[in-house]
>>> print(open('start26.csv').read())   # CSV, C-alpha atoms and all ligand atoms
chain,number,residue,atom,x,y,z
A,920,MET,CA,-4.2,-3.5,12.3
A,921,LYS,CA,-3.8,0.2,11.2
A,922,THR,CA,-4.8,1.1,7.6
A,923,ILE,CA,-2.8,3.8,5.8
A,924,LYS,CA,-5.4,5.6,3.8
A,925,ILE,CA,-4.5,7.3,0.5
A,926,GLY,CA,-6.1,9.8,-1.7
A,927,LEU,CA,-5.0,9.6,-5.4
A,928,LEU,CA,-5.1,12.5,-7.7
A,929,GLY,CA,-5.1,11.2,-11.3
A,930,LEU,CA,-5.6,7.7,-12.6
A,931,GLY,CA,-3.8,8.1,-15.9
A,932,ASN,CA,-0.7,6.2,-17.0
A,933,ILE,CA,1.2,6.5,-13.7
A,934,GLY,CA,-1.9,6.5,-11.5
A,935,THR,CA,-2.9,3.2,-13.0
A,936,GLY,CA,0.7,1.9,-12.8
A,937,THR,CA,0.8,2.8,-9.1
A,938,TYR,CA,-2.6,1.2,-8.5
A,939,LYS,CA,-1.5,-2.0,-10.3
A,940,THR,CA,1.9,-2.1,-8.5
A,941,LEU,CA,0.1,-1.9,-5.1
A,942,GLU,CA,-2.3,-4.7,-6.1
A,943,MET,CA,0.6,-6.8,-7.5
A,944,ASN,CA,2.8,-6.4,-4.4
A,945,ARG,CA,0.2,-5.8,-1.7
A,946,SER,CA,1.1,-8.7,0.5
A,947,GLU,CA,4.9,-7.8,0.5
A,948,ILE,CA,4.1,-4.1,1.1
A,949,GLU,CA,1.6,-4.7,3.9
A,950,SER,CA,3.9,-7.3,5.6
A,951,THR,CA,6.8,-4.8,5.5
A,952,LEU,CA,4.6,-2.2,7.1
A,953,ASN,CA,2.6,-4.5,9.3
A,954,ALA,CA,-0.4,-2.3,8.2
A,955,LYS,CA,-2.9,-2.2,5.5
A,956,VAL,CA,-2.6,0.3,2.6
A,957,GLU,CA,-5.8,1.4,0.9
A,958,ILE,CA,-6.4,3.9,-1.9
A,959,VAL,CA,-9.7,5.2,-0.6
A,960,LYS,CA,-10.5,8.1,-3.0
A,961,ILE,CA,-9.4,8.9,-6.6
A,962,LEU,CA,-9.8,12.3,-8.2
A,963,GLU,CA,-10.6,11.8,-11.9
A,964,ARG,CA,-12.6,13.4,-14.7
A,965,ASP,CA,-13.4,10.3,-16.7
A,966,THR,CA,-14.7,7.4,-14.5
A,967,GLU,CA,-15.7,5.2,-17.5
A,968,ARG,CA,-12.3,4.9,-19.3
A,969,ASP,CA,-10.9,1.4,-19.6
A,970,ARG,CA,-7.6,1.4,-17.7
A,971,GLY,CA,-7.2,-2.4,-17.5
A,972,ILE,CA,-7.9,-2.4,-13.8
A,973,THR,CA,-11.1,-2.8,-11.8
A,974,VAL,CA,-11.7,0.2,-9.5
A,975,PRO,CA,-14.9,0.3,-7.4
A,976,LYS,CA,-17.0,3.2,-8.7
A,977,GLU,CA,-17.5,4.7,-5.2
A,978,LYS,CA,-13.8,5.5,-4.9
A,979,PHE,CA,-14.0,8.1,-7.7
A,980,THR,CA,-14.7,11.8,-7.0
A,981,SER,CA,-14.6,14.9,-9.0
A,982,ASP,CA,-14.2,17.1,-5.9
A,983,PRO,CA,-10.6,17.5,-4.7
A,984,ASP,CA,-11.8,18.8,-1.3
A,985,GLU,CA,-13.4,15.4,-0.6
A,986,ILE,CA,-9.8,14.2,-0.4
A,987,PHE,CA,-8.1,17.2,1.3
A,988,GLN,CA,-10.9,17.5,3.9
A,989,ASP,CA,-11.1,13.8,4.7
A,990,PRO,CA,-9.6,13.5,8.2
A,991,GLU,CA,-9.0,9.7,7.6
A,992,ILE,CA,-6.7,10.3,4.6
A,993,ASP,CA,-3.0,10.2,5.6
A,994,ILE,CA,-1.2,10.5,2.3
A,995,VAL,CA,-2.2,12.3,-1.0
A,996,ILE,CA,-0.5,11.0,-4.2
A,997,GLU,CA,-0.5,13.6,-6.9
A,998,LEU,CA,-0.3,12.2,-10.4
A,999,LEU,CA,-2.2,14.7,-12.5
A,1000,GLY,CA,0.7,16.2,-14.3
A,1001,GLY,CA,1.2,19.9,-15.3
A,1002,ILE,CA,1.9,22.9,-13.1
A,1003,GLU,CA,-1.7,23.8,-12.4
A,1004,PRO,CA,-4.0,22.8,-10.8
A,1005,ALA,CA,-1.5,20.2,-9.5
A,1006,THR,CA,0.5,22.8,-7.4
A,1007,THR,CA,-2.6,24.3,-5.9
A,1008,PHE,CA,-3.9,20.8,-5.0
A,1009,MET,CA,-0.6,19.8,-3.4
A,1010,LEU,CA,-0.5,23.0,-1.4
A,1011,SER,CA,-4.1,22.4,-0.2
A,1012,ALA,CA,-3.2,18.8,0.8
A,1013,LEU,CA,-0.1,19.9,2.7
A,1014,LYS,CA,-2.0,22.7,4.5
A,1015,ASN,CA,-4.7,20.2,5.5
A,1016,GLY,CA,-2.0,18.1,7.2
A,1017,LYS,CA,-1.7,15.4,4.5
A,1018,HIS,CA,1.7,14.0,3.5
A,1019,VAL,CA,2.2,14.3,-0.2
A,1020,VAL,CA,3.9,12.1,-2.8
A,1021,THR,CA,4.3,13.3,-6.4
A,1022,ALA,CA,5.9,12.4,-9.7
A,1023,ASN,CA,5.3,15.8,-11.1
A,1024,LYS,CA,8.6,17.4,-12.0
A,1025,ALA,CA,6.9,20.3,-13.9
A,1026,ALA,CA,5.0,21.5,-10.8
A,1027,LEU,CA,8.0,20.9,-8.5
A,1028,ALA,CA,10.5,22.6,-10.8
A,1029,ALA,CA,8.2,25.6,-11.1
A,1030,ASN,CA,7.3,25.9,-7.4
A,1031,TYR,CA,10.1,24.1,-5.6
A,1032,HIS,CA,10.5,26.3,-2.6
A,1033,GLU,CA,6.9,27.0,-2.0
A,1034,LEU,CA,6.1,23.3,-2.0
A,1035,ILE,CA,9.0,22.4,0.2
A,1036,ASN,CA,8.4,25.2,2.7
A,1037,THR,CA,4.7,24.5,2.9
A,1038,ALA,CA,5.4,20.9,3.8
A,1039,LYS,CA,7.9,22.1,6.5
A,1040,GLU,CA,5.5,24.7,7.9
A,1041,ASN,CA,2.7,22.2,8.2
A,1042,ASN,CA,5.0,19.5,9.7
A,1043,VAL,CA,4.2,17.0,7.0
A,1044,ILE,CA,6.4,15.2,4.4
A,1045,LEU,CA,6.7,15.9,0.7
A,1046,ARG,CA,8.4,13.2,-1.3
A,1047,PHE,CA,9.1,13.1,-5.1
A,1048,GLU,CA,11.5,10.2,-5.9
A,1049,ALA,CA,9.5,9.4,-9.1
A,1050,SER,CA,9.9,12.9,-10.5
A,1051,VAL,CA,13.5,12.3,-11.7
A,1052,GLY,CA,14.6,9.1,-13.4
A,1053,GLY,CA,11.2,7.3,-13.1
A,1054,GLY,CA,12.0,4.0,-11.2
A,1055,ILE,CA,15.7,4.9,-10.6
A,1056,PRO,CA,16.3,5.6,-6.9
A,1057,ILE,CA,18.4,8.7,-7.5
A,1058,LEU,CA,17.0,11.4,-5.3
A,1059,GLY,CA,16.9,9.3,-2.1
A,1060,THR,CA,20.5,8.2,-2.8
A,1061,LEU,CA,21.7,11.8,-3.2
A,1062,THR,CA,20.0,13.0,-0.1
A,1063,GLY,CA,20.8,9.7,1.8
A,1064,PRO,CA,23.9,7.6,1.3
A,1065,LEU,CA,25.7,10.3,-0.7
A,1066,ARG,CA,24.9,13.3,1.4
A,1067,ALA,CA,28.4,13.6,2.9
A,1068,ASN,CA,29.7,14.8,-0.5
A,1069,LYS,CA,30.1,18.2,-2.1
A,1070,PHE,CA,28.8,17.5,-5.5
A,1071,GLU,CA,30.8,18.5,-8.6
A,1072,GLU,CA,28.7,17.4,-11.6
A,1073,VAL,CA,25.6,15.6,-12.8
A,1074,MET,CA,25.3,14.5,-16.4
A,1075,GLY,CA,23.0,12.1,-18.2
A,1076,ILE,CA,19.9,11.0,-20.0
A,1077,LEU,CA,16.9,12.2,-18.1
A,1078,ASN,CA,14.1,11.8,-20.5
A,1079,GLY,CA,12.8,8.3,-21.6
A,1080,THR,CA,10.6,9.5,-24.5
A,1081,THR,CA,13.4,11.3,-26.4
A,1082,ASN,CA,15.8,8.4,-25.6
A,1083,TYR,CA,13.2,6.0,-27.0
A,1084,ILE,CA,12.7,8.1,-30.1
A,1085,LEU,CA,16.5,8.5,-30.7
A,1086,THR,CA,17.0,4.7,-30.1
A,1087,MET,CA,14.2,3.7,-32.5
A,1088,MET,CA,15.5,6.2,-35.2
A,1089,THR,CA,19.1,4.9,-34.8
A,1090,LYS,CA,18.6,1.2,-34.3
A,1091,GLU,CA,15.3,0.4,-36.0
A,1092,GLY,CA,15.2,3.1,-38.7
A,1093,LEU,CA,11.8,4.3,-37.5
A,1094,ASP,CA,10.8,7.9,-38.4
A,1095,TYR,CA,10.4,10.5,-35.7
A,1096,GLU,CA,6.6,10.6,-35.7
A,1097,THR,CA,6.2,6.8,-35.5
A,1098,ALA,CA,8.7,6.5,-32.7
A,1099,LEU,CA,7.0,9.3,-30.7
A,1100,LYS,CA,3.6,7.6,-31.2
A,1101,ASP,CA,5.0,4.4,-29.9
A,1102,ALA,CA,6.4,6.2,-26.8
A,1103,GLN,CA,3.0,7.8,-26.2
A,1104,GLU,CA,1.2,4.4,-26.5
A,1105,GLN,CA,3.6,2.9,-23.9
A,1106,GLY,CA,2.9,5.7,-21.4
A,1107,PHE,CA,6.3,7.2,-21.5
A,1108,ALA,CA,5.4,10.7,-22.9
A,1109,GLU,CA,3.9,13.6,-21.0
A,1110,ALA,CA,0.3,14.4,-21.8
A,1111,ASP,CA,1.7,17.2,-24.0
A,1112,PRO,CA,4.8,15.6,-25.5
A,1113,THR,CA,6.2,19.0,-26.5
A,1114,ALA,CA,7.7,19.0,-23.0
A,1115,ASP,CA,9.6,15.8,-23.8
A,1116,VAL,CA,10.8,16.6,-27.4
A,1117,GLU,CA,11.8,20.2,-26.7
A,1118,GLY,CA,13.9,19.2,-23.7
A,1119,ILE,CA,11.6,21.0,-21.1
A,1120,ASP,CA,11.0,17.8,-19.1
A,1121,ALA,CA,14.8,17.1,-18.9
A,1122,ALA,CA,15.3,20.8,-17.8
A,1123,ASN,CA,12.6,20.3,-15.1
A,1124,LYS,CA,14.5,17.3,-13.8
A,1125,LEU,CA,17.8,19.2,-13.9
A,1126,THR,CA,16.2,22.0,-11.8
A,1127,ILE,CA,15.3,19.4,-9.1
A,1128,LEU,CA,18.7,17.8,-9.2
A,1129,MET,CA,20.5,21.1,-9.0
A,1130,ALA,CA,18.4,22.2,-6.0
A,1131,LEU,CA,19.2,19.0,-4.2
A,1132,MET,CA,22.8,18.6,-5.2
A,1133,PHE,CA,24.1,22.2,-5.3
A,1134,ASP,CA,21.4,23.9,-3.1
A,1135,LYS,CA,20.9,26.1,-6.1
A,1136,TYR,CA,17.5,26.8,-7.6
A,1137,VAL,CA,17.5,27.6,-11.4
A,1138,ALA,CA,14.1,27.9,-13.0
A,1139,PRO,CA,13.7,25.5,-16.0
A,1140,LYS,CA,13.1,28.5,-18.3
A,1141,ASP,CA,16.6,29.8,-17.4
A,1142,ILE,CA,18.4,26.6,-18.3
A,1143,PRO,CA,19.7,26.8,-21.9
A,1144,THR,CA,17.6,24.0,-23.5
A,1145,THR,CA,17.5,22.5,-27.0
A,1146,GLY,CA,15.4,19.4,-27.7
A,1147,ILE,CA,15.4,16.8,-30.4
A,1148,THR,CA,13.0,18.2,-32.9
A,1149,GLU,CA,15.7,19.1,-35.3
A,1150,ILE,CA,17.4,15.6,-35.2
A,1151,THR,CA,16.9,14.0,-38.6
A,1152,LYS,CA,17.9,10.5,-39.9
A,1153,GLU,CA,20.7,12.3,-41.8
A,1154,LYS,CA,22.1,13.8,-38.6
A,1155,ILE,CA,22.0,10.4,-36.9
A,1156,GLU,CA,23.8,8.9,-39.9
A,1157,GLU,CA,26.4,11.7,-39.8
A,1158,ALA,CA,27.0,11.0,-36.1
A,1159,ARG,CA,27.3,7.3,-36.8
A,1160,SER,CA,29.9,7.9,-39.5
A,1161,ASN,CA,31.9,9.8,-36.9
A,1162,GLY,CA,31.7,6.9,-34.4
A,1163,CYS,CA,29.0,8.6,-32.3
A,1164,LYS,CA,25.4,8.4,-31.3
A,1165,ILE,CA,23.2,11.4,-30.6
A,1166,LYS,CA,21.7,11.6,-27.1
A,1167,LEU,CA,19.7,14.3,-25.3
A,1168,ILE,CA,22.0,15.2,-22.3
A,1169,ALA,CA,21.2,17.2,-19.2
A,1170,HIS,CA,24.3,18.5,-17.6
A,1171,ALA,CA,25.2,20.7,-14.6
A,1172,TRP,CA,28.6,21.2,-13.2
A,1173,ARG,CA,30.7,23.3,-10.8
A,1174,ASP,CA,33.3,25.3,-12.7
A,1175,GLU,CA,36.7,26.4,-11.4
A,1176,ASN,CA,35.2,29.5,-9.8
A,1177,ASP,CA,32.7,27.3,-7.9
A,1178,GLU,CA,29.9,28.6,-10.1
A,1179,ILE,CA,27.2,26.2,-11.3
A,1180,LYS,CA,26.8,25.9,-15.0
A,1181,TYR,CA,23.9,24.0,-16.7
A,1182,GLU,CA,22.4,23.0,-20.1
A,1183,VAL,CA,20.2,20.5,-21.8
A,1184,ARG,CA,21.0,19.7,-25.5
A,1185,PRO,CA,21.5,16.8,-27.9
A,1186,MET,CA,25.2,15.8,-27.9
A,1187,TYR,CA,27.3,13.6,-30.0
A,1188,ILE,CA,28.5,10.8,-27.7
A,1189,SER,CA,31.3,8.4,-28.7
A,1190,ALA,CA,29.7,5.0,-29.4
A,1191,THR,CA,32.1,3.5,-26.8
A,1192,HIS,CA,30.8,5.8,-24.0
A,1193,PRO,CA,28.4,4.1,-21.5
A,1194,LEU,CA,25.7,6.8,-22.2
A,1195,ALA,CA,25.8,5.9,-26.0
A,1196,ASN,CA,24.5,2.4,-25.1
A,1197,ILE,CA,21.5,3.5,-23.0
A,1198,ASN,CA,18.5,2.5,-25.1
A,1199,LYS,CA,14.8,3.0,-25.3
A,1200,GLU,CA,13.1,4.4,-22.1
A,1201,PHE,CA,16.1,3.7,-19.9
A,1202,ASN,CA,17.8,6.7,-18.3
A,1203,ALA,CA,21.4,6.9,-17.0
A,1204,VAL,CA,22.9,9.6,-14.9
A,1205,PHE,CA,26.5,10.1,-13.7
A,1206,VAL,CA,27.0,12.0,-10.5
A,1207,LYS,CA,30.4,13.1,-9.2
A,1208,GLY,CA,30.9,13.8,-5.5
A,1209,ASN,CA,34.2,15.1,-4.0
A,1210,ALA,CA,34.5,12.1,-1.8
A,1211,VAL,CA,32.7,9.2,-3.6
A,1212,ASP,CA,34.0,10.3,-7.1
A,1213,ASP,CA,31.8,8.9,-10.0
A,1214,VAL,CA,28.5,7.1,-9.3
A,1215,MET,CA,26.3,5.9,-12.2
A,1216,PHE,CA,22.5,5.4,-11.9
A,1217,TYR,CA,20.8,3.3,-14.6
A,1218,GLY,CA,17.2,2.0,-15.0
A,1219,LYS,CA,13.8,2.7,-16.5
A,1220,GLY,CA,13.2,6.4,-16.5
A,1221,ALA,CA,9.6,6.2,-17.7
A,1222,GLY,CA,6.6,3.9,-17.8
A,1223,PRO,CA,3.7,3.0,-15.5
A,1224,LEU,CA,5.2,0.2,-13.4
A,1225,PRO,CA,8.8,1.6,-12.9
A,1226,THR,CA,7.3,5.0,-11.9
A,1227,GLY,CA,4.7,3.3,-9.8
A,1228,SER,CA,7.5,1.5,-8.0
A,1229,ALA,CA,9.1,4.9,-7.0
A,1230,VAL,CA,5.8,6.4,-6.0
A,1231,LEU,CA,5.0,3.5,-3.7
A,1232,GLY,CA,8.6,3.5,-2.3
A,1233,ASP,CA,7.9,7.0,-1.0
A,1234,VAL,CA,4.5,6.0,0.3
A,1235,ILE,CA,6.1,3.1,2.2
A,1236,ASP,CA,8.7,5.4,3.7
A,1237,ILE,CA,6.1,7.9,4.8
A,1238,SER,CA,3.9,5.1,6.2
A,1239,MET,CA,6.8,3.8,8.3
A,1240,MET,CA,7.2,7.3,9.8
A,1241,ILE,CA,3.4,7.5,10.4
A,1242,LEU,CA,3.4,4.1,12.1
A,1243,LYS,CA,6.4,4.7,14.3
B,1,LIG,N1,4.7,8.8,-17.9
B,1,LIG,C1,5.8,8.5,-17.2
B,1,LIG,O1,6.5,7.6,-17.5
B,1,LIG,C2,6.1,9.4,-16.1
B,1,LIG,C3,5.3,10.4,-15.6
B,1,LIG,N2,5.7,11.2,-14.6
B,1,LIG,C4,4.8,12.2,-14.1
B,1,LIG,O2,3.6,11.6,-13.6
B,1,LIG,C5,2.5,12.5,-13.7
B,1,LIG,C6,1.4,11.7,-14.3
B,1,LIG,O3,1.8,11.4,-15.6
B,1,LIG,P1,0.9,10.4,-16.5
B,1,LIG,O4,0.2,9.4,-15.7
B,1,LIG,O5,1.7,10.0,-17.6
B,1,LIG,O6,-0.2,11.5,-17.1
B,1,LIG,P2,-1.7,11.2,-17.7
B,1,LIG,O7,-2.1,12.3,-18.5
B,1,LIG,O8,-1.7,9.8,-18.3
B,1,LIG,O9,-2.6,11.1,-16.3
B,1,LIG,C7,-3.1,12.2,-15.6
B,1,LIG,C8,-4.5,11.8,-15.2
B,1,LIG,O10,-5.0,12.8,-14.4
B,1,LIG,C9,-6.3,13.3,-14.9
B,1,LIG,N3,-6.4,14.7,-14.6
B,1,LIG,C10,-5.6,15.7,-15.0
B,1,LIG,N4,-6.0,16.9,-14.5
B,1,LIG,C11,-7.1,16.6,-13.8
B,1,LIG,C12,-8.0,17.4,-13.0
B,1,LIG,N5,-7.8,18.7,-12.9
B,1,LIG,N6,-9.0,16.8,-12.4
B,1,LIG,C13,-9.2,15.5,-12.5
B,1,LIG,N7,-8.4,14.6,-13.2
B,1,LIG,C14,-7.4,15.2,-13.9
B,1,LIG,C15,-6.2,13.1,-16.4
B,1,LIG,O11,-7.5,13.0,-17.0
B,1,LIG,P3,-7.6,13.4,-18.6
B,1,LIG,O12,-7.0,12.3,-19.3
B,1,LIG,O13,-9.1,13.5,-18.7
B,1,LIG,O14,-6.9,14.7,-18.7
B,1,LIG,C16,-5.4,11.7,-16.5
B,1,LIG,O15,-6.3,10.6,-16.3
B,1,LIG,C17,3.0,13.7,-14.5
B,1,LIG,O16,3.4,14.7,-13.6
B,1,LIG,C18,4.3,13.1,-15.2
B,1,LIG,O17,5.2,14.1,-15.5
B,1,LIG,C19,6.8,10.9,-13.9
B,1,LIG,C20,7.7,9.9,-14.2
B,1,LIG,C21,7.4,9.1,-15.4
B,2,LIG,N1,7.9,11.9,-20.1
B,2,LIG,C1,8.9,11.5,-19.2
B,2,LIG,C2,8.3,10.6,-18.2
B,2,LIG,C3,9.2,10.4,-17.0
B,2,LIG,O1,9.7,11.3,-16.4
B,2,LIG,C4,10.0,10.8,-19.9
B,2,LIG,O2,9.8,10.4,-21.1
B,2,LIG,O3,11.1,10.7,-19.3
>>> encode(input="start26.csv", output="structure tokens")
Amino acid sequence: MKTIKIGLLGLGNIGTGTYKTLEMNRSEIESTLNAKVEIVKILERDTERDRGITVPKEKFTSDPDEIFQDPEIDIVIELLGGIEPATTFMLSALKNGKHVVTANKAALAANYHELINTAKENNVILRFEASVGGGIPILGTLTGPLRANKFEEVMGILNGTTNYILTMMTKEGLDYETALKDAQEQGFAEADPTADVEGIDAANKLTILMALMFDKYVAPKDIPTTGITEITKEKIEEARSNGCKIKLIAHAWRDENDEIKYEVRPMYISATHPLANINKEFNAVFVKGNAVDDVMFYGKGAGPLPTGSAVLGDVIDISMMILK
């Protein structure tokens, strides 16, 4: 029986969630593939940290080339986070003939074409379902069952940390700092949560969605972006007295001249609107296609197991192509 061999870059929140999901569902995954799946090497700095899983010591390496140069490794999963060295590592993996799966929206949004083109030039696959909407299968649906559409609009909650903070401030009366700390402890936030609370993470995801839906690349820095750092309990109360909730919304749409417009900002949403009732780390995204009309995606947009589910979904798809 063939073994699909994986090199994992980063055993943090999502690396650990991916590892756990593979262990939890190994028999289902391996019987789907009729092949074994093994994470053979892991790039990490700290091999002593308690992650709540047992990983044989000999799997760890501090040298990324041990993974890129290993002829036995089929797929590299990048879960380091940040733009660099993650981008350089993914490019090295692709150039060494490895298929790559990543959840890293920051690196993808910053270097979208270089990563996509390098995969094409080297005849390997780059997949990134987990980079937008965590466990929600949005990218594969846009590029699969919905690809017959000309897309008109995408609008929704794309960041779990800020939605968690706003929910806890609105429903539980928590203050901003306590809610953020909670989100960090549950593994929703970025290593530097500035990216979450300033709306940068949602902008990164909007960049990826616009590239796929409208074939238009807009760098995240060029998306008008406002985060939630100025949202106080008083503003939340004011919204409530107007029958609204405050949500951080990412929005891109085709205007009457066929131009694509885009923004990320907190918005007052009527309490009866579906987006007003998306709570905690859940995300929800409306997509409008000219044939299908409105489609709504909903699910956990952050967290180790939901994101691990999306990462492994990509791994399984690639493995099926390898095994064909
Ligand atoms: N958290 C979530 O819910 C989601 C996260 N993502 C994305 O998944 C990716 C991983 O996120 P997450 O797991 O939360 O991040 P973490 O910071 O928890 O994990 C990253 C891990 O990689 C290690 N690492 C980073 N750089 C290096 C390096 N150069 N060499 C060796 N090890 C390194 C870190 O070690 P150290 O701690 O020592 O720095 C850490 O253990 C990010 O791109 C994130 O945006 C996507 C969807 C959801
Ligand atoms: N920090 C991100 C993680 C998932 O993409 C978020 O909170 O949504």
>>> closest_atom_pairs(input="start26.csv", of="chain A", to="ligand LIG 2 (chain B)", cutoff="8 Å", atoms="all atoms listed in the file", output="Markdown table")
| residue | atom | partner | partner_atom | distance |
| --- | --- | --- | --- | --- |
| A:Ala1022 | CA | B:LIG2 | O1 | 7.8 |
| A:Lys1024 | CA | B:LIG2 | O1 | 7.6 |
| A:Ala1049 | CA | B:LIG2 | O1 | 7.5 |
| A:Ser1050 | CA | B:LIG2 | O1 | 6.1 |
| A:Val1051 | CA | B:LIG2 | O1 | 6.1 |
| A:Gly1052 | CA | B:LIG2 | O1 | 6.2 |
| A:Gly1053 | CA | B:LIG2 | C3 | 5.4 |
| A:Leu1077 | CA | B:LIG2 | O3 | 6.1 |
| A:Asn1078 | CA | B:LIG2 | O3 | 3.4 |
| A:Gly1079 | CA | B:LIG2 | O2 | 3.7 |
| A:Thr1080 | CA | B:LIG2 | O2 | 3.6 |
| A:Thr1081 | CA | B:LIG2 | O2 | 6.5 |
| A:Asn1082 | CA | B:LIG2 | O2 | 7.8 |
| A:Ala1102 | CA | B:LIG2 | O2 | 7.9 |
| A:Gly1106 | CA | B:LIG2 | C2 | 8.0 |
| A:Phe1107 | CA | B:LIG2 | O2 | 4.8 |
| A:Ala1108 | CA | B:LIG2 | N1 | 3.9 |
| A:Glu1109 | CA | B:LIG2 | N1 | 4.4 |
| A:Pro1112 | CA | B:LIG2 | N1 | 7.2 |
| A:Ala1114 | CA | B:LIG2 | N1 | 7.7 |
| A:Asp1115 | CA | B:LIG2 | N1 | 5.6 |
| A:Asp1120 | CA | B:LIG2 | C1 | 6.6 |
| A:Ala1121 | CA | B:LIG2 | O3 | 7.4 |
| A:Glu1200 | CA | B:LIG2 | O2 | 6.9 |
| A:Asn1202 | CA | B:LIG2 | O3 | 7.9 |
| A:Gly1220 | CA | B:LIG2 | O3 | 5.5 |
| A:Ala1221 | CA | B:LIG2 | C3 | 4.3 |
| A:Gly1222 | CA | B:LIG2 | C2 | 6.9 |
| A:Thr1226 | CA | B:LIG2 | C3 | 7.7 |
>>> atom_distance(input="start26.csv", atom1="atom CA of Gly1059 of chain A", atom2="atom CA of Thr1126 of chain A")
16.0 Å
>>> residues_near_point(input="start26.csv", point="(17.4, 17.8, -17.6)", cutoff="6 Å", atoms="all atoms listed in the file", output="list in words")
Leu1077, Ala1121, Ala1122, Asn1123, Lys1124, Leu1125, Ala1169 and Val1183 of chain A
>>> residues_around(input="start26.csv", residues="Gly1000 of chain A", least_positions_apart="2", cutoff="12 Å", atoms="only C-alpha atoms", output="mmCIF file with C-alpha atoms, in the frame of the given file")
data_model
loop_
_atom_site.group_PDB
_atom_site.id
_atom_site.type_symbol
_atom_site.label_atom_id
_atom_site.label_comp_id
_atom_site.auth_asym_id
_atom_site.auth_seq_id
_atom_site.Cartn_x
_atom_site.Cartn_y
_atom_site.Cartn_z
ATOM 1 C CA LEU A 928 -5.100 12.500 -7.700
ATOM 2 C CA GLY A 929 -5.100 11.200 -11.300
ATOM 3 C CA LEU A 930 -5.600 7.700 -12.600
ATOM 4 C CA GLY A 931 -3.800 8.100 -15.900
ATOM 5 C CA ASN A 932 -0.700 6.200 -17.000
ATOM 6 C CA ILE A 933 1.200 6.500 -13.700
ATOM 7 C CA GLY A 934 -1.900 6.500 -11.500
ATOM 8 C CA ILE A 996 -0.500 11.000 -4.200
ATOM 9 C CA GLU A 997 -0.500 13.600 -6.900
ATOM 10 C CA LEU A 998 -0.300 12.200 -10.400
ATOM 11 C CA ILE A 1002 1.900 22.900 -13.100
ATOM 12 C CA GLU A 1003 -1.700 23.800 -12.400
ATOM 13 C CA PRO A 1004 -4.000 22.800 -10.800
ATOM 14 C CA ALA A 1005 -1.500 20.200 -9.500
ATOM 15 C CA THR A 1006 0.500 22.800 -7.400
ATOM 16 C CA PHE A 1008 -3.900 20.800 -5.000
ATOM 17 C CA MET A 1009 -0.600 19.800 -3.400
ATOM 18 C CA THR A 1021 4.300 13.300 -6.400
ATOM 19 C CA ALA A 1022 5.900 12.400 -9.700
ATOM 20 C CA ASN A 1023 5.300 15.800 -11.100
ATOM 21 C CA LYS A 1024 8.600 17.400 -12.000
ATOM 22 C CA ALA A 1025 6.900 20.300 -13.900
ATOM 23 C CA ALA A 1026 5.000 21.500 -10.800
ATOM 24 C CA LEU A 1027 8.000 20.900 -8.500
ATOM 25 C CA SER A 1050 9.900 12.900 -10.500
ATOM 26 C CA ALA A 1108 5.400 10.700 -22.900
ATOM 27 C CA GLU A 1109 3.900 13.600 -21.000
ATOM 28 C CA ALA A 1110 0.300 14.400 -21.800
ATOM 29 C CA ASP A 1111 1.700 17.200 -24.000
ATOM 30 C CA PRO A 1112 4.800 15.600 -25.500
ATOM 31 C CA ALA A 1114 7.700 19.000 -23.000
ATOM 32 C CA ASP A 1120 11.000 17.800 -19.100
#
>>> closest_residue(input="start26.csv", among="A:Ile923, A:Leu1058, A:Val1019, A:Val1206", to="Lys1039 of chain A", atoms="all atoms listed in the file")
A:Val1019
>>> closest_residue(input="start26.csv", among="A:Lys1100, A:Arg1184, A:Arg964, A:Arg1173", to="Lys1069 of chain A", atoms="only C-alpha atoms")
A:Arg1173
>>> residues_around(input="start26.csv", residues="Ala1195 of chain A", least_positions_apart="5", cutoff="6 Å", atoms="only C-alpha atoms", output="PyMOL selection string")
chain A and resi 1164+1188+1190
>>> write_last_selection(input="start26.csv", atoms="C-alpha atoms", output="PDB file, in the coordinates of the input")
ATOM      1  CA  LYS A1164      25.400   8.400 -31.300  1.00  0.00           C
ATOM      2  CA  ILE A1188      28.500  10.800 -27.700  1.00  0.00           C
ATOM      3  CA  ALA A1190      29.700   5.000 -29.400  1.00  0.00           C
TER       4      ALA A1190
END
>>> atom_distance(input="start26.csv", atom1="atom CA of Glu1071 of chain A", atom2="atom CA of Glu1033 of chain A")
26.2 Å
>>> closest_residue(input="start26.csv", among="A:Gly971, A:Ile1142, A:Glu1157, A:Ser1011", to="Pro983 of chain A", atoms="only C-alpha atoms")
A:Ser1011
>>> residues_around(input="start26.csv", residues="Asp965 of chain A", least_positions_apart="4", cutoff="12 Å", atoms="all atoms listed in the file", output="list in words")
Gly929, Leu930, Gly931, Ile961, Asp969, Arg970, Lys976, Phe979, Thr980 and Ser981 of chain A
>>> residues_near_point(input="start26.csv", point="(-3.3, -0.4, 8.0)", cutoff="8 Å", atoms="only C-alpha atoms", output="list in words")
Met920, Lys921, Thr922, Ile923, Lys924, Glu949, Asn953, Ala954, Lys955, Val956 and Glu957 of chain A
